[in-house]
Amino acid sequence: MKVEEVKAYIASGILELYVLGDVSPAERLEVEAMAVKYPAVKEELLAIERSLEMYAKANEVEPGDKKRDAILNSLDYGAASEQDNKNEAKVVTLVKPQINFYKYAFAASLALLIASVIALLSVYSRLKETTILVASLQNQNREIASTVSLKDGEIDVLRDPSFKLLKLQGTKISPSAAITVAWSPVKKKVWIDMATAKMPSNDKEHQYQLWALVAGKPVDLGVFDADTISKDMKEMKSITLADAFAVTLEKRGGSPTPSLDEMMVIGKF
Amino acid sequence: MSRRQKISLSEEDLIAALGKREKIAAEALYDMYSASLFGVISRIVIDTAIAEDVLQDTFVKIWNSFASYSAEKGRLFTWMVNIARNLAIDKIRSKDFKNQNKNQELENNVTFIDEKRNTVYNPELLGLKDLVEKLKPEQKSILDLVYFKGYTHVEAADELGVPLGTIKTRLRMAIVQLRKNFN
């Protein structure tokens, strides 16, 4: 670069802006390179710096007297190089805490939200399980209650003195068959006891039918199966008068008249 | 006023002591430069208490980032005053400051501050002040905008309504004038 060009560079006003810190990073590097290369630029820079320093001095304002101690006490002394780095890091982070705070606050909120959703889901699924459990317990309870009331009914039958117990004995075609009938002429009720019944099991096309013999005529008292699972007493149709009870094997649903050759058990008072 | 003896070191000694983080360096730094730096800060930040906070921040930053100062690239004061100016500008542009000072008139604060304070009663400086008065008004106004109000030259051109080139020329002429007077 010629002397004139260096002079023009100096006259351009860039050096003043450099001293004021009002240049781009590229311009800064350029000025610093020029200052190293051309003593005239370096000299000019120094002169600008000195005059602005004097200008600041001419416009100086004394801070409050108490400020000196406050400021001097706020500085860390000693341990040069290490402190430098540490404190430099501190200076850099001066602006950051707020950003970090919001960043962390946001992350924390998000984590909390996720945790809440997970907790909510688990509570919801447990609630669902509990609801199912409660429903099944209610069902069981209902079953037990109905069993209990049934058993109560059975006990009532056994306790009631108006009930007569009659054991029907097997006939020739089924000598080992037997069933107990409980009958109360007062209450007009007939029960059969499935717990002690010994009836051969019937197929799907056939059912047992209970008959009462009233003055030599058979009266239908309903049908039943030789149920091996149920041990309950089963209530049949009601009747006030009966001389005897008998069970025949009939087609499913029962017959209007008994098939006497299929009579399984009979019992008379 | 019982004036304490101010500590003063040569720039060379001061820089050496600053490098070692000696307390004497901080004291000398404060005594030698606090008023000059505060002059710049308090013209940008009008509220004295807030300006003093900025001064404190400035000293802390100077102290802690002194390793990044390079004597080859310029004078110590140049480096420090740019830190002070930047912190002051950051302060008045910060959200909480703006909220506090919505009604604060920031225009003409250079004149305002000089009317408000009579702090500069220093016989050594009287000569300096006279020399500053020799600046042409348009030179003083550009110098005050960029030096004391922290305007970039682009913002100053906008504010004064003159082309960028003119701003640069005026600024250079103002500083040349100062140099004539000071040297």
# chains A, B, ... in the order shown; residues from 1 in each chain; ligands from 1

call {"tool": "residues_around", "arguments": {"residues": "stretch 70-75 of chain B", "least_positions_apart": "5", "cutoff": "8 Å", "atoms": "only C-alpha atoms", "output": "PyMOL selection string"}}
result
chain A and resi 32+45-46+49

call {"tool": "interface_residues", "arguments": {"of": "chain A", "to": "chain B", "cutoff": "9 Å", "atoms": "only C-alpha atoms", "output": "PyMOL selection string"}}
result
chain A and resi 11-17+19-23+32+35+45-64+67-68+70-72+74-81+83-88+90-91

call {"tool": "closest_residue", "arguments": {"among": "A:Ile239, A:Met264, A:Val6, A:Leu137", "to": "A:Ala178", "atoms": "only C-alpha atoms"}}
result
A:Met264

call {"tool": "residues_around", "arguments": {"residues": "A:Leu241", "least_positions_apart": "4", "cutoff": "9 Å", "atoms": "only C-alpha atoms", "output": "list in words"}}
result
Pro185, Lys188, Ala212, Leu213, Val214 and Ala215 of chain A

call {"tool": "select_by_dssp", "arguments": {"residues": "stretch 21-217 of chain A", "states": "strand (DSSP E)", "output": "number ranges by chain"}}
result
A: 164-170, 178-184, 189-198, 206-214, 217

call {"tool": "write_last_selection", "arguments": {"atoms": "N, CA and C atoms", "output": "CSV table (one decimal), in the first residue's frame"}}
result
chain,number,residue,atom,x,y,z
A,164,LYS,N,-94.2,-83.3,55.8
A,164,LYS,CA,-94.0,-84.7,56.0
A,164,LYS,C,-92.9,-85.1,55.0
A,165,LEU,N,-92.0,-86.0,55.6
A,165,LEU,CA,-91.0,-86.5,54.7
A,165,LEU,C,-91.3,-87.9,54.2
A,166,LEU,N,-91.2,-88.1,52.9
A,166,LEU,CA,-91.6,-89.5,52.4
A,166,LEU,C,-90.4,-89.9,51.5
A,167,LYS,N,-89.9,-91.1,51.8
A,167,LYS,CA,-88.9,-91.6,51.0
A,167,LYS,C,-89.5,-92.5,49.9
A,168,LEU,N,-89.3,-92.1,48.6
A,168,LEU,CA,-89.8,-92.9,47.5
A,168,LEU,C,-88.7,-94.0,47.2
A,169,GLN,N,-89.2,-95.3,47.2
A,169,GLN,CA,-88.3,-96.4,47.0
A,169,GLN,C,-88.3,-96.8,45.5
A,170,GLY,N,-87.1,-97.4,45.1
A,170,GLY,CA,-87.0,-97.9,43.7
A,170,GLY,C,-88.0,-99.0,43.4
A,178,ALA,N,-83.8,-93.8,44.5
A,178,ALA,CA,-84.6,-93.3,45.7
A,178,ALA,C,-84.6,-91.8,45.6
A,179,ILE,N,-85.6,-91.2,46.2
A,179,ILE,CA,-85.7,-89.7,46.3
A,179,ILE,C,-86.6,-89.4,47.5
A,180,THR,N,-86.3,-88.3,48.2
A,180,THR,CA,-87.1,-87.9,49.3
A,180,THR,C,-88.0,-86.7,48.9
A,181,VAL,N,-89.3,-86.9,49.3
A,181,VAL,CA,-90.2,-85.8,49.0
A,181,VAL,C,-90.7,-85.2,50.3
A,182,ALA,N,-90.7,-83.9,50.4
A,182,ALA,CA,-91.2,-83.2,51.6
A,182,ALA,C,-92.5,-82.5,51.2
A,183,TRP,N,-93.5,-82.8,51.9
A,183,TRP,CA,-94.8,-82.2,51.5
A,183,TRP,C,-95.5,-81.7,52.7
A,184,SER,N,-96.1,-80.4,52.5
A,184,SER,CA,-96.9,-79.8,53.6
A,184,SER,C,-98.3,-79.6,53.1
A,189,LYS,N,-97.3,-77.3,49.8
A,189,LYS,CA,-96.0,-77.2,49.1
A,189,LYS,C,-95.3,-78.6,49.0
A,190,VAL,N,-94.6,-78.8,47.9
A,190,VAL,CA,-93.9,-80.0,47.7
A,190,VAL,C,-92.5,-79.7,47.3
A,191,TRP,N,-91.5,-80.3,48.0
A,191,TRP,CA,-90.1,-80.2,47.6
A,191,TRP,C,-89.5,-81.5,47.4
A,192,ILE,N,-88.5,-81.6,46.6
A,192,ILE,CA,-87.8,-82.9,46.5
A,192,ILE,C,-86.3,-82.5,46.9
A,193,ASP,N,-85.7,-83.5,47.6
A,193,ASP,CA,-84.3,-83.2,48.1
A,193,ASP,C,-83.3,-83.8,47.1
A,194,MET,N,-82.6,-82.9,46.4
A,194,MET,CA,-81.7,-83.4,45.4
A,194,MET,C,-80.4,-83.9,46.0
A,195,ALA,N,-80.2,-83.5,47.3
A,195,ALA,CA,-78.9,-83.9,47.9
A,195,ALA,C,-78.9,-85.4,48.2
A,196,THR,N,-80.1,-85.9,48.5
A,196,THR,CA,-80.1,-87.3,48.9
A,196,THR,C,-80.7,-88.2,47.7
A,197,ALA,N,-81.0,-87.5,46.6
A,197,ALA,CA,-81.6,-88.3,45.5
A,197,ALA,C,-80.6,-89.2,44.9
A,198,LYS,N,-81.1,-90.4,44.6
A,198,LYS,CA,-80.2,-91.4,43.9
A,198,LYS,C,-81.0,-91.9,42.7
A,206,HIS,N,-85.1,-87.1,27.7
A,206,HIS,CA,-86.0,-87.5,28.7
A,206,HIS,C,-85.8,-86.7,30.0
A,207,GLN,N,-86.9,-86.7,30.8
A,207,GLN,CA,-86.8,-86.0,32.1
A,207,GLN,C,-87.7,-86.8,33.1
A,208,TYR,N,-87.3,-86.7,34.4
A,208,TYR,CA,-88.2,-87.3,35.4
A,208,TYR,C,-89.4,-86.5,35.7
A,209,GLN,N,-90.5,-87.1,35.9
A,209,GLN,CA,-91.7,-86.3,36.2
A,209,GLN,C,-92.3,-86.9,37.6
A,210,LEU,N,-92.6,-85.9,38.5
A,210,LEU,CA,-93.1,-86.3,39.8
A,210,LEU,C,-94.7,-86.3,39.7
A,211,TRP,N,-95.2,-87.3,40.2
A,211,TRP,CA,-96.7,-87.4,40.2
A,211,TRP,C,-97.2,-87.6,41.7
A,212,ALA,N,-98.4,-87.0,41.9
A,212,ALA,CA,-99.1,-87.3,43.2
A,212,ALA,C,-100.3,-88.2,42.8
A,213,LEU,N,-100.5,-89.2,43.6
A,213,LEU,CA,-101.7,-90.0,43.4
A,213,LEU,C,-102.8,-89.6,44.3
A,214,VAL,N,-103.8,-89.0,43.7
A,214,VAL,CA,-105.0,-88.5,44.5
A,214,VAL,C,-106.2,-89.3,44.2
A,217,LYS,N,-105.8,-91.3,41.1
A,217,LYS,CA,-105.5,-90.6,39.8
A,217,LYS,C,-104.2,-89.8,40.0

call {"tool": "atom_distance", "arguments": {"atom1": "atom CA of A:Ile114", "atom2": "atom CA of A:Glu129"}}
result
22.6 Å

call {"tool": "atom_distance", "arguments": {"atom1": "atom CA of B:Lys149", "atom2": "atom CA of B:Ile44"}}
result
5.2 Å

call {"tool": "closest_residue", "arguments": {"among": "A:Leu113, A:Met34, A:Leu249, A:Ala242", "to": "A:Glu205", "atoms": "only C-alpha atoms"}}
result
A:Leu249
